[in-house]
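See below for model-v1.txt, which holds compact mmCIF, C-alpha atoms and all ligand atoms.
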# COMPACT_ATOMS: atom_id res chain seq x y z
CA MET A 1 -20.44 -9.44 -29.32
CA ALA A 2 -17.09 -9.54 -27.59
CA ASP A 3 -15.17 -11.01 -30.48
CA GLN A 4 -16.22 -8.40 -33.03
CA SER A 5 -15.19 -4.76 -33.06
CA PHE A 6 -15.39 -1.53 -34.96
CA VAL A 7 -11.87 -0.17 -35.35
CA THR A 8 -10.57 3.30 -36.16
CA LEU A 9 -7.26 5.15 -36.16
CA ALA A 10 -5.95 8.55 -35.01
CA THR A 11 -2.30 9.60 -35.15
CA ASN A 12 -2.91 13.10 -33.77
CA ASP A 13 -5.37 15.11 -31.67
CA SER A 14 -7.22 16.50 -34.69
CA TYR A 15 -8.17 13.07 -35.98
CA VAL A 16 -9.03 12.11 -32.37
CA LYS A 17 -11.88 14.63 -32.58
CA GLY A 18 -13.19 12.77 -35.60
CA ALA A 19 -12.75 9.41 -33.89
CA LEU A 20 -14.69 10.64 -30.84
CA VAL A 21 -17.60 11.71 -33.03
CA LEU A 22 -17.51 8.38 -34.89
CA GLY A 23 -17.44 6.45 -31.59
CA SER A 24 -20.29 8.54 -30.17
CA SER A 25 -22.36 8.02 -33.31
CA LEU A 26 -21.88 4.24 -33.07
CA ARG A 27 -22.90 4.31 -29.37
CA ASN A 28 -25.89 6.58 -30.07
CA HIS A 29 -27.10 4.02 -32.58
CA ARG A 30 -26.69 1.24 -30.02
CA THR A 31 -24.05 -0.94 -31.57
CA SER A 32 -23.61 -4.30 -29.88
CA LYS A 33 -19.99 -4.50 -31.06
CA ARG A 34 -16.87 -3.38 -29.25
CA LEU A 35 -15.14 -0.11 -30.15
CA THR A 36 -11.37 -0.09 -30.65
CA ILE A 37 -9.06 2.74 -31.59
CA LEU A 38 -5.43 2.57 -32.69
CA ILE A 39 -3.43 5.61 -31.61
CA THR A 40 0.21 6.59 -32.01
CA PRO A 41 2.52 8.30 -29.48
CA HIS A 42 1.66 11.84 -30.67
CA VAL A 43 -1.86 11.67 -29.25
CA SER A 44 -1.91 13.75 -26.04
CA ASP A 45 -2.69 12.31 -22.59
CA PRO A 46 -5.94 14.23 -21.98
CA MET A 47 -7.21 13.02 -25.36
CA ARG A 48 -6.32 9.43 -24.49
CA LYS A 49 -8.39 9.75 -21.28
CA VAL A 50 -11.39 10.99 -23.26
CA LEU A 51 -10.96 8.20 -25.82
CA GLU A 52 -11.15 5.68 -22.97
CA LYS A 53 -14.62 7.00 -22.10
CA ILE A 54 -16.00 6.11 -25.51
CA PHE A 55 -13.83 3.25 -26.77
CA ASP A 56 -13.53 -0.17 -25.10
CA GLU A 57 -9.94 -0.47 -26.20
CA VAL A 58 -7.35 2.23 -26.89
CA LYS A 59 -4.33 0.58 -28.43
CA LEU A 60 -0.99 2.30 -28.87
CA VAL A 61 0.81 1.34 -32.09
CA ASN A 62 3.87 2.67 -33.88
CA VAL A 63 3.57 4.87 -36.93
CA LEU A 64 3.92 3.14 -40.29
CA ASP A 65 4.70 5.73 -42.91
CA SER A 66 5.21 5.14 -46.59
CA GLY A 67 7.20 8.36 -46.98
CA ASP A 68 6.30 7.87 -50.62
CA ALA A 69 6.44 11.48 -51.74
CA ALA A 70 6.07 10.75 -55.44
CA HIS A 71 2.84 8.78 -55.20
CA LEU A 72 1.35 10.94 -52.49
CA ALA A 73 2.05 13.98 -54.63
CA LEU A 74 -0.09 12.46 -57.37
CA LEU A 75 -2.88 12.22 -54.83
CA LYS A 76 -2.04 15.78 -53.69
CA ARG A 77 -2.16 14.60 -50.08
CA PRO A 78 1.44 14.37 -48.77
CA GLU A 79 0.12 13.80 -45.26
CA LEU A 80 -1.48 10.45 -46.09
CA GLY A 81 1.73 8.37 -45.86
CA VAL A 82 0.91 7.74 -42.21
CA THR A 83 -2.32 6.03 -43.19
CA LEU A 84 -0.27 2.84 -43.61
CA THR A 85 -0.51 2.80 -39.79
CA LYS A 86 -4.01 1.49 -40.50
CA LEU A 87 -2.45 -1.88 -41.36
CA HIS A 88 -1.97 -2.50 -37.62
CA CYS A 89 -5.70 -3.24 -37.50
CA TRP A 90 -4.92 -6.75 -38.81
CA GLU A 91 -3.01 -7.40 -35.57
CA LEU A 92 -6.16 -7.24 -33.43
CA THR A 93 -6.45 -11.03 -33.36
CA GLN A 94 -8.48 -11.02 -30.14
CA TYR A 95 -11.37 -10.36 -32.55
CA SER A 96 -12.57 -12.78 -35.20
CA LYS A 97 -14.01 -10.06 -37.40
CA CYS A 98 -13.78 -6.26 -37.51
CA VAL A 99 -15.09 -3.29 -39.43
CA PHE A 100 -12.50 -0.56 -39.95
CA MET A 101 -13.82 2.98 -40.26
CA ASP A 102 -11.80 6.14 -40.95
CA ALA A 103 -11.85 8.74 -38.19
CA ASP A 104 -13.55 11.12 -40.65
CA THR A 105 -16.63 8.91 -40.96
CA MET A 106 -19.82 8.94 -38.92
CA VAL A 107 -22.78 6.56 -38.78
CA LEU A 108 -26.35 7.74 -39.25
CA SER A 109 -27.92 4.46 -38.15
CA ASN A 110 -26.94 1.10 -36.69
CA VAL A 111 -24.62 -0.70 -39.13
CA ASP A 112 -23.93 -3.90 -37.16
CA GLU A 113 -25.19 -5.88 -40.16
CA LEU A 114 -21.83 -5.16 -41.80
CA PHE A 115 -20.38 -7.97 -39.68
CA GLU A 116 -22.36 -10.47 -41.76
CA ARG A 117 -19.98 -9.69 -44.65
CA GLU A 118 -16.64 -11.32 -45.33
CA GLU A 119 -13.10 -10.00 -45.80
CA LEU A 120 -12.57 -7.86 -47.76
CA SER A 121 -15.85 -6.03 -48.18
CA ALA A 122 -15.84 -2.35 -49.02
CA ALA A 123 -17.68 0.25 -51.11
CA PRO A 124 -16.42 1.62 -54.44
CA ASP A 125 -14.18 4.66 -54.37
CA PRO A 126 -15.96 7.70 -55.83
CA GLY A 127 -12.83 8.72 -57.75
CA TRP A 128 -12.15 5.31 -59.35
CA PRO A 129 -15.03 2.90 -58.76
CA ASP A 130 -13.05 -0.22 -59.81
CA CYS A 131 -11.07 0.40 -56.63
CA PHE A 132 -12.63 0.17 -53.22
CA ASN A 133 -12.45 3.06 -50.80
CA SER A 134 -10.52 2.06 -47.69
CA GLY A 135 -12.44 4.39 -45.38
CA VAL A 136 -14.88 1.60 -44.45
CA PHE A 137 -14.08 -2.11 -44.78
CA VAL A 138 -14.87 -5.48 -43.24
CA TYR A 139 -11.86 -7.68 -42.48
CA ARG A 140 -10.54 -10.59 -40.43
CA PRO A 141 -7.58 -9.85 -38.15
CA SER A 142 -4.65 -12.14 -38.93
CA ILE A 143 -0.94 -11.82 -38.26
CA GLU A 144 -0.27 -13.66 -41.48
CA THR A 145 -2.23 -11.11 -43.51
CA PHE A 146 -0.55 -8.27 -41.60
CA ASN A 147 2.90 -9.64 -42.48
CA GLN A 148 1.96 -10.13 -46.12
CA LEU A 149 0.69 -6.57 -46.33
CA LEU A 150 3.91 -5.23 -44.80
CA GLN A 151 5.93 -7.31 -47.21
CA LEU A 152 3.98 -5.96 -50.18
CA ALA A 153 4.44 -2.41 -48.85
CA THR A 154 8.21 -2.84 -48.59
CA GLU A 155 8.67 -4.67 -51.87
CA LYS A 156 6.27 -2.84 -54.15
CA GLY A 157 5.03 0.20 -52.22
CA SER A 158 1.55 1.62 -52.60
CA PHE A 159 0.33 3.23 -55.81
CA ASP A 160 -1.23 6.12 -53.90
CA GLY A 161 1.35 6.22 -51.14
CA GLY A 162 -1.34 5.38 -48.56
CA ASP A 163 -3.22 2.30 -47.39
CA GLN A 164 -5.89 2.41 -50.09
CA GLY A 165 -3.46 1.80 -52.96
CA LEU A 166 -1.78 -1.03 -51.10
CA LEU A 167 -5.02 -2.71 -50.03
CA ASN A 168 -6.42 -2.52 -53.55
CA THR A 169 -3.30 -4.20 -54.90
CA PHE A 170 -3.48 -6.88 -52.21
CA PHE A 171 -7.23 -7.56 -52.53
CA SER A 172 -7.05 -7.09 -56.28
CA ASN A 173 -10.00 -9.33 -57.17
CA TRP A 174 -12.43 -7.23 -55.10
CA ALA A 175 -14.00 -5.62 -58.18
CA THR A 176 -14.66 -8.80 -60.09
CA THR A 177 -14.93 -11.92 -57.97
CA ASP A 178 -17.72 -11.67 -55.41
CA ILE A 179 -20.49 -9.09 -55.55
CA SER A 180 -21.35 -9.62 -51.86
CA LYS A 181 -18.05 -7.91 -51.10
CA HIS A 182 -19.24 -4.74 -52.79
CA LEU A 183 -20.79 -2.75 -49.99
CA PRO A 184 -23.63 -0.51 -51.11
CA PHE A 185 -22.48 3.07 -51.48
CA ILE A 186 -24.73 4.14 -48.57
CA TYR A 187 -22.15 2.55 -46.24
CA ASN A 188 -19.48 5.01 -47.37
CA LEU A 189 -21.14 8.04 -48.83
CA SER A 190 -18.57 10.74 -49.43
CA SER A 191 -19.57 14.38 -49.50
CA ILE A 192 -17.71 14.71 -52.83
CA SER A 193 -20.20 12.32 -54.47
CA ILE A 194 -23.10 14.59 -53.63
CA TYR A 195 -21.79 17.22 -56.01
CA SER A 196 -20.66 14.86 -58.73
CA TYR A 197 -24.09 13.15 -59.01
CA LEU A 198 -26.71 15.29 -57.32
CA PRO A 199 -29.78 13.57 -58.85
CA ALA A 200 -28.63 10.19 -57.46
CA PHE A 201 -27.99 11.78 -54.10
CA LYS A 202 -31.50 13.20 -54.10
CA VAL A 203 -32.99 9.73 -54.63
CA PHE A 204 -30.66 7.52 -52.59
CA GLY A 205 -29.05 9.94 -50.15
CA THR A 206 -31.87 9.59 -47.64
CA ASP A 207 -30.84 5.95 -47.12
CA ALA A 208 -27.27 6.89 -46.21
CA LYS A 209 -25.92 4.95 -43.23
CA VAL A 210 -22.33 6.15 -43.13
CA VAL A 211 -21.01 9.53 -44.24
CA HIS A 212 -17.34 9.94 -45.06
CA PHE A 213 -15.85 13.43 -45.01
CA LEU A 214 -13.25 12.43 -47.55
CA GLY A 215 -10.88 15.11 -48.78
CA ARG A 216 -8.68 17.75 -47.29
CA MET A 217 -11.29 19.79 -45.46
CA LYS A 218 -12.47 17.88 -42.40
CA PRO A 219 -15.48 18.78 -40.24
CA TRP A 220 -13.21 19.95 -37.42
CA ASN A 221 -11.63 22.56 -39.76
CA TYR A 222 -14.92 24.46 -40.01
CA SER A 223 -16.45 26.96 -37.59
CA TYR A 224 -19.78 26.17 -36.01
CA ASP A 225 -22.43 28.45 -34.62
CA SER A 226 -24.32 26.66 -31.88
CA LYS A 227 -27.11 29.25 -31.88
CA THR A 228 -28.16 28.47 -35.43
CA LYS A 229 -26.80 24.91 -35.20
CA SER A 230 -24.99 25.35 -38.46
CA VAL A 231 -21.51 25.50 -39.87
CA LYS A 232 -20.26 28.91 -40.84
CA ASP A 233 -18.34 29.24 -44.07
CA THR A 234 -20.24 30.88 -46.80
CA GLN A 235 -17.24 30.90 -49.16
CA ASP A 236 -17.16 27.13 -49.45
CA PRO A 237 -19.28 25.95 -52.41
CA THR A 238 -19.78 22.56 -50.76
CA MET A 239 -21.79 24.45 -48.16
CA ALA A 240 -24.79 24.16 -50.44
CA HIS A 241 -25.44 20.86 -48.61
CA PRO A 242 -24.10 21.30 -45.12
CA GLU A 243 -26.55 18.83 -43.50
CA PHE A 244 -23.97 16.15 -42.74
CA LEU A 245 -21.43 18.66 -41.46
CA ASN A 246 -24.06 20.10 -39.16
CA MET A 247 -24.85 16.61 -37.90
CA TRP A 248 -21.19 15.97 -37.22
CA TRP A 249 -20.94 19.19 -35.25
CA ASN A 250 -24.14 18.51 -33.39
CA THR A 251 -22.75 15.17 -32.21
CA PHE A 252 -19.46 16.84 -31.34
CA VAL A 253 -21.15 19.52 -29.22
CA THR A 254 -23.59 17.16 -27.52
CA ASN A 255 -21.48 14.08 -26.87
CA VAL A 256 -17.81 14.99 -27.18
CA LEU A 257 -17.36 18.56 -25.99
CA PRO A 258 -18.56 17.89 -22.40
CA LEU A 259 -16.01 15.07 -22.10
CA LEU A 260 -13.21 17.26 -23.46
CA GLN A 261 -14.07 19.96 -20.95
CA GLN A 262 -14.27 17.50 -18.06
CA HIS A 263 -10.83 16.15 -18.82
CA GLY A 264 -9.20 19.50 -19.48
CA ALA A 265 -8.50 18.39 -23.01
CA ILE A 266 -9.30 21.82 -24.47
CA LYS A 267 -7.54 25.05 -23.69
CA ASP A 268 -9.38 27.68 -21.68
CA THR A 269 -10.32 29.66 -24.78
CA ALA A 270 -13.74 28.36 -23.83
CA THR A 271 -13.80 29.24 -20.13
CA GLY A 272 -15.81 32.20 -18.96
CA VAL A 273 -17.89 32.01 -22.11
CA LYS A 274 -21.61 31.32 -22.11
CA ALA A 275 -22.62 27.82 -23.13
CA GLU A 276 -23.92 28.91 -26.53
CA GLU A 277 -20.69 30.67 -27.30
CA VAL A 278 -18.51 27.78 -26.29
CA THR A 279 -18.80 25.94 -29.54
CA GLU A 280 -17.80 28.95 -31.48
CA ALA A 281 -14.69 29.22 -29.34
CA VAL A 282 -14.16 25.52 -29.71
CA SER A 283 -14.29 25.68 -33.44
CA HIS A 284 -11.09 27.66 -33.24
CA MET A 285 -9.78 25.64 -30.38
CA SER A 286 -6.48 23.97 -30.04
CA ILE A 287 -6.32 20.81 -28.06
CA SER A 288 -3.94 21.22 -25.15
CA SER A 289 -1.00 18.95 -25.40
CA PRO A 290 2.00 19.31 -23.11
CA ALA A 291 4.45 18.59 -25.89
CA GLN A 292 2.88 20.96 -28.32
CA SER A 293 2.81 24.67 -27.64
CA ASN A 294 2.71 25.79 -31.26
CA PRO A 295 -0.35 27.60 -32.55
CA PRO A 296 -2.94 25.33 -34.18
CA PRO A 297 -2.22 24.64 -37.84
CA SER A 298 -4.09 26.81 -40.29
CA PRO A 299 -6.63 25.03 -42.50
CA PRO A 300 -4.87 23.19 -45.30
CA PRO A 301 -4.83 24.66 -48.79
CA MET A 302 -7.56 23.63 -51.18
CA SER A 303 -7.32 20.21 -52.84
CA SER A 304 -7.50 19.99 -56.60
CA GLU A 305 -10.98 18.48 -56.25
CA GLU A 306 -12.23 21.37 -54.18
CA ARG A 307 -10.63 23.80 -56.58
CA LYS A 308 -12.29 22.06 -59.52
CA GLU A 309 -15.65 22.26 -57.76
CA ARG A 310 -15.23 25.98 -57.20
CA TRP A 311 -14.14 26.45 -60.79
CA GLU A 312 -17.19 24.55 -62.04
CA GLN A 313 -19.42 26.73 -59.93
CA GLY A 314 -17.94 29.84 -61.44
CA GLN A 315 -15.89 30.66 -58.36
CA ALA A 316 -12.44 30.52 -59.89
CA ASP A 317 -9.63 32.14 -57.94
CA TYR A 318 -8.76 34.53 -60.79
CA MET A 319 -6.32 36.54 -58.72
CA GLY A 320 -4.49 33.54 -57.30
CA LEU A 321 -4.27 29.86 -58.22
CA ASP A 322 -6.43 30.24 -61.33
CA SER A 323 -4.78 33.40 -62.60
CA PHE A 324 -4.04 33.62 -66.31
CA ASP A 325 -0.31 33.26 -65.64
CA ASN A 326 -0.81 30.05 -63.69
CA ILE A 327 -3.11 28.55 -66.31
CA LYS A 328 -0.64 29.43 -69.03
CA LYS A 329 2.19 27.80 -67.09
CA LYS A 330 0.11 24.64 -66.70
CA LEU A 331 -0.73 24.57 -70.43
CA ASP A 332 2.93 25.06 -71.26
CA THR A 333 3.92 22.01 -69.21
CA TYR A 334 1.42 19.91 -71.23
CA LEU A 335 2.62 21.29 -74.53
CA GLN A 336 6.28 20.68 -73.84
N1 LIG B 401 -5.20 9.44 -40.31
C1 LIG B 401 -4.61 9.82 -39.12
N2 LIG B 401 -3.71 10.86 -39.14
C2 LIG B 401 -3.39 11.54 -40.26
C3 LIG B 401 -4.01 11.17 -41.47
C4 LIG B 401 -4.91 10.12 -41.46
O1 LIG B 401 -4.87 9.25 -38.06
O2 LIG B 401 -2.58 12.48 -40.20
C5 LIG B 401 -6.13 8.29 -40.30
C6 LIG B 401 -7.57 8.68 -39.91
O3 LIG B 401 -8.21 7.57 -39.34
C7 LIG B 401 -8.13 9.01 -41.26
C8 LIG B 401 -7.52 7.92 -42.13
O4 LIG B 401 -6.21 7.75 -41.60
O5 LIG B 401 -9.54 9.03 -41.27
C9 LIG B 401 -7.45 8.23 -43.63
O6 LIG B 401 -7.07 9.59 -43.84
P1 LIG B 401 -8.14 10.64 -44.37
O7 LIG B 401 -9.47 10.31 -43.81
O8 LIG B 401 -7.59 12.01 -44.09
O9 LIG B 401 -8.10 10.36 -45.93
P2 LIG B 401 -9.29 10.65 -46.96
O10 LIG B 401 -10.42 9.75 -46.56
O11 LIG B 401 -9.64 12.10 -46.84
O12 LIG B 401 -8.69 10.30 -48.28
C1 LIG B 402 -8.42 7.37 -49.47
C2 LIG B 402 -9.25 6.80 -48.35
C3 LIG B 402 -8.51 6.79 -47.07
C4 LIG B 402 -7.08 6.33 -47.29
C5 LIG B 402 -6.38 7.23 -48.29
C6 LIG B 402 -4.90 6.86 -48.53
O1 LIG B 402 -8.92 8.38 -50.18
O2 LIG B 402 -10.47 7.48 -48.17
O3 LIG B 402 -9.19 5.97 -46.18
O4 LIG B 402 -6.40 6.34 -46.06
O5 LIG B 402 -7.05 7.18 -49.51
O6 LIG B 402 -4.72 5.68 -49.24
MN MN B 403 -11.26 9.41 -44.70

Can you present the structure in this file as structure tokens?
Amino acid sequence: MADQSFVTLATNDSYVKGALVLGSSLRNHRTSKRLTILITPHVSDPMRKVLEKIFDEVKLVNVLDSGDAAHLALLKRPELGVTLTKLHCWELTQYSKCVFMDADTMVLSNVDELFEREELSAAPDPGWPDCFNSGVFVYRPSIETFNQLLQLATEKGSFDGGDQGLLNTFFSNWATTDISKHLPFIYNLSSISIYSYLPAFKVFGTDAKVVHFLGRMKPWNYSYDSKTKSVKDTQDPTMAHPEFLNMWWNTFVTNVLPLLQQHGAIKDTATGVKAEEVTEAVSHMSISSPAQSNPPPSPPPMSSEERKERWEQGQADYMGLDSFDNIKKKLDTYLQ
């Protein structure tokens, strides 16, 4: 359908990798909808060319940033201010209805049935289920709504500094008014939920339609071994269930990597290497961008969720973050 589209967002080349996997997964599962991506000026030219191979529309927008350090600090994700850029999706009025999906999501089956839902349909957030998670939502483009959202952002800000806080304030009756707007959790299954409710995952996880790699560690931050077709990082406790990560990487290697190579969008770390070794090289790759000659950023530090998971699995960082001194300091701040 020409007047309905899946929409995603990438403000840099790392998130483009995610968007390319998402787009490929939607194509592999034969969506009949259009694919649109919003990008910002930082996305490099070779990456834009590759995006045009998978997406019907690549739309350049300006960055909207909350710069809301206080709220983002509560979320422990200072980088998420730019997610307000997502609001531009309401400007796509050439479509009557859209489904927005974060660039760190991936579909496991055809999800075109989502377009039968109304604005604003979304699944509960695993951290606070009375809020919806804004990684997957059904909406109707409208300049009026876009302007109202911007106005709310300027006047009141967002309680989490990103789009999710703002959208939950704007669509504040989501939790109570219309159950058809509650998407089943299988449309936005976050890897975090697997560990917080494993028995439920064992029963319902097989029906998952969309996985969301929510949290600081994204699939593209891991290393992948194409020989064993598995992600390599034995230190990460979440690796107990690496199935979805392996699927992400498999799609990346099969559908995305050849396009990146064709368009010279990856540096020649991978040239002269046998096919099986390419992915390993690629897992450490930096995407070539004329403007950007710095080394690739190192993986971000652990989020408090990930740290809690490790702690709960008996893998506390006794010499570092979880040292006695640090714990004592933390207790002292509560006692003061
Ligand atoms: N995003 C982006 N650049 C950034 C951060 C976020 O393009 O630097 C976009 C991307 O589409 C991403 C979404 O905003 O999927 C939400 O951010 P993220 O997925 O990192 O948040 P999480 O789901 O982990 O809370
Ligand atoms: C969330 C959502 C993400 C959103 C971010 C900032 O955790 O998963 O889509 O951009 O919060 O509000
Ligand atoms: Mn996300």

Could the residues that lie within 10 Å of ligand MN 403 (chain B), counting all atoms listed in the file, be listed as number ranges by chain? A: 15, 18, 80, 83, 101-105, 133-136, 188, 190, 211-216, 218

Quick one: everything within 8 Å of His42 of chain A, counting only C-alpha atoms, minus sequence neighbours fewer than 4 positions away in the same chain. Send it as a compact mmCIF listing (two decimals) with C-alpha atoms, in the frame of the given file.
# COMPACT_ATOMS: atom_id res chain seq x y z
CA THR A 11 -2.30 9.60 -35.15
CA ASN A 12 -2.91 13.10 -33.77
CA ASP A 13 -5.37 15.11 -31.67

Mind pulling up the distance from atom CA of Leu260 of chain A to atom CA of Phe55 of chain A?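 Atom CA of Leu260 of chain A lies 14.4 Å from atom CA of Phe55 of chain A.
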
Is it possible to get the axis-aligned box enclosing ligand LIG 401 (chain B) (all listed atoms, 4 Å extra per side) as lines of an AutoDock Vina configuration file, with centre and edge lengths in Å rounded to one decimal?
center_x = -6.5
center_y = 10.0
center_z = -43.2
size_x = 15.8
size_y = 12.9
size_z = 18.2

Using all atoms listed in the file, which of A:Trp249, A:Phe115, A:Phe146, A:Phe132 sits nearest ligand LIG 401 (chain B)?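 Among A:Trp249, A:Phe115, A:Phe146, A:Phe132, it is A:Phe132 that comes nearest to ligand LIG 401 (chain B).
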
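In this comparison, which uses all atoms listed in the file, the residue of A:Ser196, A:Ser24, A:Ser230, A:Ser5 approaching Pro242 of chain A most closely is A:Ser230.
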
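Shortest atom-to-atom contact with Ser191 of chain A among A:Ile179, A:Ser172, A:Leu152, A:Met106: A:Met106, counting all atoms listed in the file.
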
Of the listed residues A:Thr206, A:Asn250, A:Ser66, A:Ser226, that which approaches ligand LIG 402 (chain B) most closely, counting only C-alpha atoms and all ligand atoms: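 Residue with the minimum atom-to-atom distance to ligand LIG 402 (chain B): A:Ser66.
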
Quick one: residues within 10 Å of Met1 of chain A, all atoms listed in the file, excluding same-chain residues fewer than 3 positions away - as a PyMOL selection string? chain A and resi 4-5+31-34+95
